[in-house]
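Worksheet: one structure, shown below.
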Amino acid sequence: MMRTYAGHSTAKASNELYRGNLAKGQTGLSVAFDLPTQTGYDPDDELARGEVGKVGVPVSHRGDMATLMDGIPLGEMNTSMTINATAAWLLALYIVAAENQGVDQSQLQGTTQNDIIKEFLARGTYAFPPAPSMRLIADMIAYTVEHVPKWNPINICSYHLQEAGATPVQEIAYAMSNAIAVLDGARERIAASAAASEPGGSGEADGSGEPSGPGEAGGSGEADGAHAADGHSEELMGQVFGRISFFVNAGVRFVEEHAKLRAMSVLWEELGRERYGVTDPKHLRFRYGVQVNSLGLTEAQPENNVQRIVLETLAVTLGRDARARAIQLPAWNEALGLPRPWDQQWSLRIQQVMAYETDLLEYPDIFAGSHVMDGLVAELLEGARAEMAVVAEHGGAVEAVPYMKGALVDSHRRRIHRIESGEQVVVGQNRFTETAVSPLTDDAEGGILVVDPAVEAEQIEALRRWRSERDQAAVDAALSDLARVAGEDSSQENLMIPTIAAARAGATTGEWARTLREVFGSYRAPTGVGEASGHETPDADLTELREEVSRLKEQLGRRPKILVGKPGLDGHSNGAEQIAVRARDSGMDVVYEGIRLTPAQIAASALQEGVHVIGLSILSGSHRELIPAVIEALREAGVQAPVVVGGIIPDQDVAPLKRAGVACVYTPKDFDLTRIMRDIVELVGSGQSALAGNAAVPNGGGAVVGNSALAPNGRGPDGSQSVA
Amino acid sequence: MSGDGAALGARLRERDLSAAPAALNLLESATPADRAQSAALLAEVSPKALGGEAPGHVIGITGPPGAGKSTLLSALLHAWRSSADDAGPQTVAILAVDPSSRRSGGALLGDRARIELDAADRGVLVRSTAAEERLGGLAWPTRAAAHALAAAFDVVVIETVGVGQGETEIVDVADTVAVVVQPGSGDALQFLKSGIMEIPDVLVVTKADLGQLATRTRRDLSAALRSLGSRSTPVLAVSSLPPPQGVEELIAALAAHRAGLDLAGRRLRARRASALADYTHEHGERGLRALGGRHAAEALLAEQEPGLDVPALVAALEGTPPR
């Protein structure tokens, strides 16, 4: 199946885009939602500012979903939705939209990504604490396996783990551990609901259930019922196992990457047989979709990304025994900004050339009998099993989130260090850097799509209209029922039922999520930076920098202190984390607050913590709105410390940011973190020498014109895949 | 410079919370000029200047990593800020001392991210600092900050990592020390029994939602305390998961401890201990011997006016000609 991950601005604009893509030969839909929709906020929420319609389409209620799918026959479509924390809600909206097209939910085909653990580990668009998040997932699985049988309720994602720096062993081990947590939860849920429905006699129990013993009331009758339910739930468990698909990554070291996928299919089958008693070979097959690596795509000489994408695609297509069921490719210019339709078309054409012009798909498995491939696979299996045992020792994937997060931050730190030292070659970035002027990035827009800022205001206006025109009493009743079911911890009731009812009643994304947040509590995921180990062997540059930091400390009277934060809803925190770790390794005190901060929060932290400099990272394209808002809040709070910014910042945005008061801007082509640190130390020092004391650091007169990355990796519009 | 220390001290004395960040910047600074200004600041909030002890309740919260201190603090913070009794909402300053190692000199201060904060709330301040190089010790600025902020805030919390051994200094600064342990933590029990851990003023068992395990831990700790002859130390079980339990009781226990305290006596001992620690930090054991040893130094401190602030006491020690 071929598709491109798409959606932006409004439901209407995205609907036109989808219809266009389908006309071009695309065979399914892959919906990208904007960050407020992904994290459960309405467009008029304070946290949504600057994010509406940016990285995907805003969908606030069933009206938006109807517009998004207008004229697309949902009974025939295969729709993949990259949605996680709010997956239950978006699926409910999709079911209601189908209902209104006259299509029954049992006909629907597609996938919801719905993998929350990787949101805590890598992607950051979580909404609720781990335990209730896992309950939502289990409920969705239990619901879809009964009522929407062709739906893939979850896509276990290892994609984002690699983007966050995972080694192949970590990618395999954490994805499998994650799957275990999900399946264990689903097994419990299915057993519970089967037990609950059994006494009345379930029509679906395919004869394996024996009726309760007559004359034996009470206890033993119940035991018989539970036994009968076991047979049914075993069958259901096989179906659930068979519906679990994976969403993986493929890096440019494509031979090892192919071995990784072979290792994953071995482990998956083993898991099915041994842990869940699955026997049907059809259910045991490792099914995966893929988006090839964005982390390795460079901003420098971005045209080189095309050949990287092609090679990465080979990793998931070469051997038939571990071939992807669905592939989506990033655009060549993703590290620069949001791709345009033409950029996406190029990616689709790569797949089409590989599928229709080459002989790639004509042979049986070309690695069958290869000693080298078998050896690689064995090595990866050994490493992955050991790492899975460590996760199990922590109490499973949910409990091990802080451990895994720390391990990923550490791997990523090592990777950056290898690139900085030149040990790992990245053509055009740390080697062969000379280049002629590129005609591709030469136009006025710099070769990227810019979302009209008016979209946000229009969306807010439309939302208010929606709220005023709906039946408020029905919405209130639906939401209070949702709260009731959510509040009963051991509830037999499936959360999908009140969720679908709320969707029908016309509730909004923000209202659904707020209702659940009030019951479940809010949550901040671990940042992993505290656990990341230090630089083992400081190189000459870092040693020199530490000496500079010591000198600065003498001058300031206390250790230089930096605040690192991510304003807005963008959860891609790899860059910010690496900056925090390197600042620590340089000898600074680092306050790292993680993701999803409002300008007011950043200002309050900067003031209370008495920091000398503030580093902000944004990858979602909302820097034009958010950065000036943060600076305004800082100055209002009386904080004069200089601000540096990193992220996917197009060249033409640098000057406006500097006018707004930003001292330095760093982008992905600036991969040398020690150099960024040196800029920052100089910045603090130069501001300092203008004064004679320590507290208020002025906005550094000697603003460094920097070009480095607070966000060394590409934005990575990550998609979910249907592999049906 | 952040302005003059005396003016900042006077603002804190007037309970102007907005003076706190600049005051902390000053107190953390090691330049000689800033140290002089710090002394001026602390003189303005000394018992002598205040006409009595600083009104704030200085609470030490300590416990091993992962015991749930930050979550507990979030719950306490929420309760203090919304307290509906006659006292109304309490203003709170949290001094979070992070245990991060200082291998490279730098430190990652993660506590702020773990505590739930309302950015718009001007009645709360959180300041993160790295733990001192020496094990378990409270950095000079933290002790000075606690003294100064107690003049302006209703509650000053010092959060440290440890299980009661080694970090005795928190006892030297806090009016009330709460040790936080999680269910099943046999270490705390052993430390308590073997006398490594000082008997805390309040013992808190977190994660009460774990049910039996929490109940058993609480019972074991109570029994250990009784066998050590401490019948008064409350052992409380709290859960911060919704619905929270035990938080109101903990607040009441903290307040009760403070009410039953000879505050002036404890604070006076704390200031003298701080002065001695600072002096020793600055001049080493050798400096201490020059005064005639620890006992002689303590005797000297005991002769000083009770309302003096710590820098004034240090100055008194330094002013003594070597014998």
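As shown in the structure tokens, the chain order sets the letters A, B, ...; within each chain, residues go from 1, and ligands are also counted from 1 in the order they appear.
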
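Any residue of chain B with an atom within 7 Å of chain A counts; using only C-alpha atoms, that gives B:Met1, B:Ser2, B:Pro21, B:Ala22, B:Asn25, B:Glu28, B:Ser29, B:Ala30, B:Thr31, B:Ser104, B:Gly105, B:Gly106, B:Ala107, B:Leu108, B:Leu109, B:Gly110, B:Arg112, B:Ala113, B:Ala119, B:Leu125, B:Val126, B:Arg127, B:Ser128.
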
Worksheet item: Do you have the CA of Leu261 in chain B-CA of Gln245 in chain B distance handy?
Response: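 If I compute the distance from CA of Leu261 in chain B to CA of Gln245 in chain B, I get 26.2 Å.
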
Worksheet item: Which residues, written as an MDAnalysis selection string, have at least one atom at most 12 Å from Ala214 in chain B, with only C-alpha atoms counted and residues fewer than 2 positions away on the same chain left out?
Response: chainID B and resid 181:186 204:212 216:221 235:239

Could I get the residues of range 113-195 of chain B with an atom no further than 7 Å from an atom of range 91-99 of chain B, each paired with its nearest atom pair and that distance in Å to one decimal, using only C-alpha atoms, sorted by chain and residue number, as CSV?
residue,atom,partner,partner_atom,distance
B:Gly123,CA,B:Thr91,CA,4.8
B:Val124,CA,B:Val92,CA,4.9
B:Leu125,CA,B:Ala93,CA,4.7
B:Val126,CA,B:Ile94,CA,4.7
B:Arg127,CA,B:Leu95,CA,5.1
B:Ser128,CA,B:Ala96,CA,4.7
B:Thr129,CA,B:Val97,CA,5.0
B:Ala130,CA,B:Asp98,CA,4.8
B:Ala131,CA,B:Pro99,CA,5.3
B:Phe153,CA,B:Thr91,CA,5.3
B:Asp154,CA,B:Thr91,CA,5.1
B:Val155,CA,B:Val92,CA,4.8
B:Val156,CA,B:Ala93,CA,4.8
B:Val157,CA,B:Ile94,CA,4.7
B:Ile158,CA,B:Leu95,CA,4.8
B:Glu159,CA,B:Ala96,CA,4.8
B:Thr160,CA,B:Val97,CA,5.2
B:Val161,CA,B:Pro99,CA,6.3

Worksheet item: Between CA of Val662 in chain A and CA of Ile627 in chain A, what is the spacing in Å?
Response: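 Calculated distance between CA of Ile627 in chain A and CA of Val662 in chain A is 8.3 Å.
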
Worksheet item: Skipping near chain neighbours, those fewer than 2 positions away, what residues fall within 8 Å of range 311-319 of chain A using only C-alpha atoms, listed as a list in words?
Response: Ala250, Gly251, Val252, Arg253, Phe254, Val255, Glu257, His258, Leu261, Val290, Val292, Asn293, Gln307, Arg308, Ile309, Asp321, Ala322, Arg323, Ala324, Leu360, Leu361, Pro364, Asp365, Ile366 and Phe367 of chain A

Would you save the residues from that selection as a PDB file, in the first residue's frame, using N, CA and C atoms?
ATOM      1  N   ALA A 250      13.690   2.713   9.520  1.00  0.00           N
ATOM      2  CA  ALA A 250      14.793   2.098   8.789  1.00  0.00           C
ATOM      3  C   ALA A 250      15.845   3.167   8.549  1.00  0.00           C
ATOM      4  N   GLY A 251      17.014   2.898   9.052  1.00  0.00           N
ATOM      5  CA  GLY A 251      18.120   3.842   8.893  1.00  0.00           C
ATOM      6  C   GLY A 251      18.948   3.497   7.671  1.00  0.00           C
ATOM      7  N   VAL A 252      19.992   4.277   7.466  1.00  0.00           N
ATOM      8  CA  VAL A 252      20.742   4.179   6.224  1.00  0.00           C
ATOM      9  C   VAL A 252      21.709   2.987   6.239  1.00  0.00           C
ATOM     10  N   ARG A 253      22.025   2.447   7.417  1.00  0.00           N
ATOM     11  CA  ARG A 253      22.837   1.218   7.481  1.00  0.00           C
ATOM     12  C   ARG A 253      21.886   0.066   7.178  1.00  0.00           C
ATOM     13  N   PHE A 254      21.556  -0.089   5.889  1.00  0.00           N
ATOM     14  CA  PHE A 254      20.362  -0.857   5.553  1.00  0.00           C
ATOM     15  C   PHE A 254      20.517  -2.365   5.672  1.00  0.00           C
ATOM     16  N   VAL A 255      21.754  -2.857   5.676  1.00  0.00           N
ATOM     17  CA  VAL A 255      21.919  -4.303   5.843  1.00  0.00           C
ATOM     18  C   VAL A 255      21.557  -4.697   7.285  1.00  0.00           C
ATOM     19  N   GLU A 257      19.794  -2.944   9.278  1.00  0.00           N
ATOM     20  CA  GLU A 257      18.387  -2.621   9.486  1.00  0.00           C
ATOM     21  C   GLU A 257      17.488  -3.753   8.996  1.00  0.00           C
ATOM     22  N   HIS A 258      17.885  -4.376   7.891  1.00  0.00           N
ATOM     23  CA  HIS A 258      17.091  -5.501   7.411  1.00  0.00           C
ATOM     24  C   HIS A 258      17.163  -6.664   8.416  1.00  0.00           C
ATOM     25  N   LEU A 261      14.741  -6.273  11.225  1.00  0.00           N
ATOM     26  CA  LEU A 261      13.356  -6.648  10.948  1.00  0.00           C
ATOM     27  C   LEU A 261      13.169  -8.157  10.970  1.00  0.00           C
ATOM     28  N   VAL A 290       6.248   1.039   7.635  1.00  0.00           N
ATOM     29  CA  VAL A 290       7.510   1.709   7.892  1.00  0.00           C
ATOM     30  C   VAL A 290       7.474   3.142   7.378  1.00  0.00           C
ATOM     31  N   VAL A 292      10.700   5.579   6.701  1.00  0.00           N
ATOM     32  CA  VAL A 292      12.143   5.515   6.840  1.00  0.00           C
ATOM     33  C   VAL A 292      12.633   6.718   7.624  1.00  0.00           C
ATOM     34  N   ASN A 293      13.861   6.594   8.078  1.00  0.00           N
ATOM     35  CA  ASN A 293      14.491   7.478   9.030  1.00  0.00           C
ATOM     36  C   ASN A 293      14.446   8.973   8.672  1.00  0.00           C
ATOM     37  N   GLN A 307      18.815  10.081  -1.905  1.00  0.00           N
ATOM     38  CA  GLN A 307      19.460   8.760  -1.966  1.00  0.00           C
ATOM     39  C   GLN A 307      19.425   8.059  -0.618  1.00  0.00           C
ATOM     40  N   ARG A 308      19.464   8.811   0.453  1.00  0.00           N
ATOM     41  CA  ARG A 308      19.319   8.154   1.770  1.00  0.00           C
ATOM     42  C   ARG A 308      17.959   7.458   1.853  1.00  0.00           C
ATOM     43  N   ILE A 309      16.937   8.140   1.412  1.00  0.00           N
ATOM     44  CA  ILE A 309      15.583   7.578   1.488  1.00  0.00           C
ATOM     45  C   ILE A 309      15.490   6.301   0.650  1.00  0.00           C
ATOM     46  N   ASP A 321      11.049 -12.259   3.338  1.00  0.00           N
ATOM     47  CA  ASP A 321      10.619 -12.782   4.639  1.00  0.00           C
ATOM     48  C   ASP A 321      10.397 -11.695   5.685  1.00  0.00           C
ATOM     49  N   ALA A 322      10.958 -10.540   5.456  1.00  0.00           N
ATOM     50  CA  ALA A 322      10.744  -9.459   6.421  1.00  0.00           C
ATOM     51  C   ALA A 322      10.464  -8.164   5.676  1.00  0.00           C
ATOM     52  N   ARG A 323       9.514  -8.241   4.764  1.00  0.00           N
ATOM     53  CA  ARG A 323       9.211  -7.073   3.936  1.00  0.00           C
ATOM     54  C   ARG A 323       8.059  -6.275   4.538  1.00  0.00           C
ATOM     55  N   ALA A 324       8.152  -4.966   4.431  1.00  0.00           N
ATOM     56  CA  ALA A 324       7.102  -4.092   4.965  1.00  0.00           C
ATOM     57  C   ALA A 324       5.809  -4.265   4.191  1.00  0.00           C
ATOM     58  N   LEU A 360      12.808  -5.858  -7.754  1.00  0.00           N
ATOM     59  CA  LEU A 360      12.852  -6.053  -6.314  1.00  0.00           C
ATOM     60  C   LEU A 360      11.822  -7.055  -5.806  1.00  0.00           C
ATOM     61  N   LEU A 361      10.623  -6.986  -6.347  1.00  0.00           N
ATOM     62  CA  LEU A 361       9.524  -7.769  -5.786  1.00  0.00           C
ATOM     63  C   LEU A 361       9.334  -9.118  -6.476  1.00  0.00           C
ATOM     64  N   PRO A 364      11.841 -14.811  -4.467  1.00  0.00           N
ATOM     65  CA  PRO A 364      11.619 -15.224  -3.080  1.00  0.00           C
ATOM     66  C   PRO A 364      12.681 -14.568  -2.203  1.00  0.00           C
ATOM     67  N   ASP A 365      12.718 -14.920  -0.936  1.00  0.00           N
ATOM     68  CA  ASP A 365      13.626 -14.245  -0.013  1.00  0.00           C
ATOM     69  C   ASP A 365      15.083 -14.396  -0.438  1.00  0.00           C
ATOM     70  N   ILE A 366      15.732 -13.280  -0.756  1.00  0.00           N
ATOM     71  CA  ILE A 366      17.085 -13.366  -1.321  1.00  0.00           C
ATOM     72  C   ILE A 366      18.158 -13.593  -0.259  1.00  0.00           C
ATOM     73  N   PHE A 367      17.790 -13.541   1.020  1.00  0.00           N
ATOM     74  CA  PHE A 367      18.778 -13.801   2.070  1.00  0.00           C
ATOM     75  C   PHE A 367      18.659 -15.207   2.653  1.00  0.00           C
TER      76      PHE A 367
END

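When CA of Leu73 in chain B is paired with CA of Asp111 in chain B, their separation reads 10.4 Å.
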
Report the residues of range 3-230 of chain B whose backbone DSSP state falls under strand (DSSP E), written as an mmCIF file with C-alpha atoms, in the first residue's frame.
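part_16.cif, written as the output of this step:
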data_model
loop_
_atom_site.group_PDB
_atom_site.id
_atom_site.type_symbol
_atom_site.label_atom_id
_atom_site.label_comp_id
_atom_site.auth_asym_id
_atom_site.auth_seq_id
_atom_site.Cartn_x
_atom_site.Cartn_y
_atom_site.Cartn_z
ATOM 1 C CA HIS B 57 7.725 27.362 58.981
ATOM 2 C CA VAL B 58 10.941 25.799 57.664
ATOM 3 C CA ILE B 59 10.233 22.182 56.759
ATOM 4 C CA GLY B 60 12.840 19.691 55.645
ATOM 5 C CA ILE B 61 11.566 16.949 53.381
ATOM 6 C CA THR B 62 14.061 14.214 52.739
ATOM 7 C CA GLY B 63 13.953 10.691 51.431
ATOM 8 C CA VAL B 92 5.328 28.611 49.871
ATOM 9 C CA ALA B 93 8.975 28.627 48.844
ATOM 10 C CA ILE B 94 10.585 25.343 47.846
ATOM 11 C CA LEU B 95 14.348 24.990 47.834
ATOM 12 C CA ALA B 96 14.942 21.824 45.827
ATOM 13 C CA VAL B 97 18.417 20.435 46.353
ATOM 14 C CA ASP B 98 19.166 18.107 43.470
ATOM 15 C CA ALA B 107 24.335 19.611 37.124
ATOM 16 C CA LEU B 108 20.925 18.831 35.709
ATOM 17 C CA LEU B 109 18.258 20.129 37.993
ATOM 18 C CA VAL B 124 4.847 30.040 45.181
ATOM 19 C CA LEU B 125 8.538 30.019 44.414
ATOM 20 C CA VAL B 126 10.654 27.026 43.447
ATOM 21 C CA ARG B 127 14.408 27.313 43.281
ATOM 22 C CA SER B 128 16.607 24.405 42.256
ATOM 23 C CA THR B 129 20.196 24.028 43.337
ATOM 24 C CA ALA B 130 22.703 21.271 42.960
ATOM 25 C CA VAL B 155 6.209 27.887 54.487
ATOM 26 C CA VAL B 156 9.761 27.212 53.335
ATOM 27 C CA VAL B 157 10.459 23.655 52.205
ATOM 28 C CA ILE B 158 13.967 22.296 51.798
ATOM 29 C CA GLU B 159 13.814 19.144 49.696
ATOM 30 C CA THR B 160 16.866 16.875 49.818
ATOM 31 C CA VAL B 161 17.700 13.332 48.852
ATOM 32 C CA THR B 176 10.465 20.227 61.272
ATOM 33 C CA VAL B 177 12.008 17.332 59.385
ATOM 34 C CA ALA B 178 9.817 14.855 57.531
ATOM 35 C CA VAL B 179 11.449 11.705 56.203
ATOM 36 C CA VAL B 180 9.659 10.201 53.230
ATOM 37 C CA VAL B 181 9.882 6.496 52.440
ATOM 38 C CA VAL B 202 7.390 13.130 61.041
ATOM 39 C CA LEU B 203 7.691 9.920 59.066
ATOM 40 C CA VAL B 204 5.753 9.664 55.819
ATOM 41 C CA VAL B 205 4.993 6.454 53.933
#

Practice prompt. Excluding range 572-578 of chain A and any residue of its chain fewer than 6 positions from it, enumerate the residues within 9 Å of it, using only C-alpha atoms, and give them as a PyMOL selection string.
Written response: chain A and resi 122-125+163-165+409-410+412-413+416+527-529+564-566+592+594-595+615-620+646-647+673+709-713+715-716

Discussion item. Excluding range 287-289 of chain B and its own-chain neighbours fewer than 6 positions away, which residues fall within 9 Å of it when counting only C-alpha atoms? Please give them as a list of chain:residue names.
Written reply: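 Contacts, with the query itself left out: B:Leu276, B:Tyr279, B:Thr280, B:Ala296, B:Ala297, B:Pro322.
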
Fill in: Those of range 244-294 of chain A in DSSP alpha helix (DSSP H), formatted as a list in words
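After running DSSP on the backbone, range 244-294 of chain A has alpha helix (DSSP H) at Phe254, Val255, Glu256, Glu257, His258, Ala259, Lys260, Leu261, Arg262, Ala263, Met264, Ser265, Val266, Leu267, Trp268, Glu269, Glu270, Leu271, Gly272, Arg273, Glu274, Arg275, Tyr276, Pro281, Lys282, His283 and Leu284 of chain A.
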
Discussion item. Residues within 9 Å of Ala145 in chain B, please, as a PyMOL selection string. Count only C-alpha atoms; anything in the same chain fewer than 5 positions from it doesn't count.
Written reply: chain B and resi 23-24+27-28+95+140+150

Would you mind exporting C-alpha atoms of the selected residues as a compact mmCIF listing (two decimals), in the first residue's frame?
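Final output, saved to again13.txt:
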# COMPACT_ATOMS: atom_id res chain seq x y z
CA ALA B 23 17.75 37.84 47.02
CA LEU B 24 18.53 34.24 46.07
CA LEU B 27 22.89 34.74 48.41
CA GLU B 28 24.21 32.20 45.90
CA LEU B 95 14.35 24.99 47.83
CA TRP B 140 25.76 27.50 52.20
CA ALA B 150 11.33 32.35 56.29

Item to complete: Go through B:Arg272, B:Ala224, B:Gly56, B:Glu249 and flag the residue nearest Glu305 in chain B, using only C-alpha atoms for the distances.
Response: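 Among the listed residues, B:Arg272 lies closest to Glu305 in chain B.
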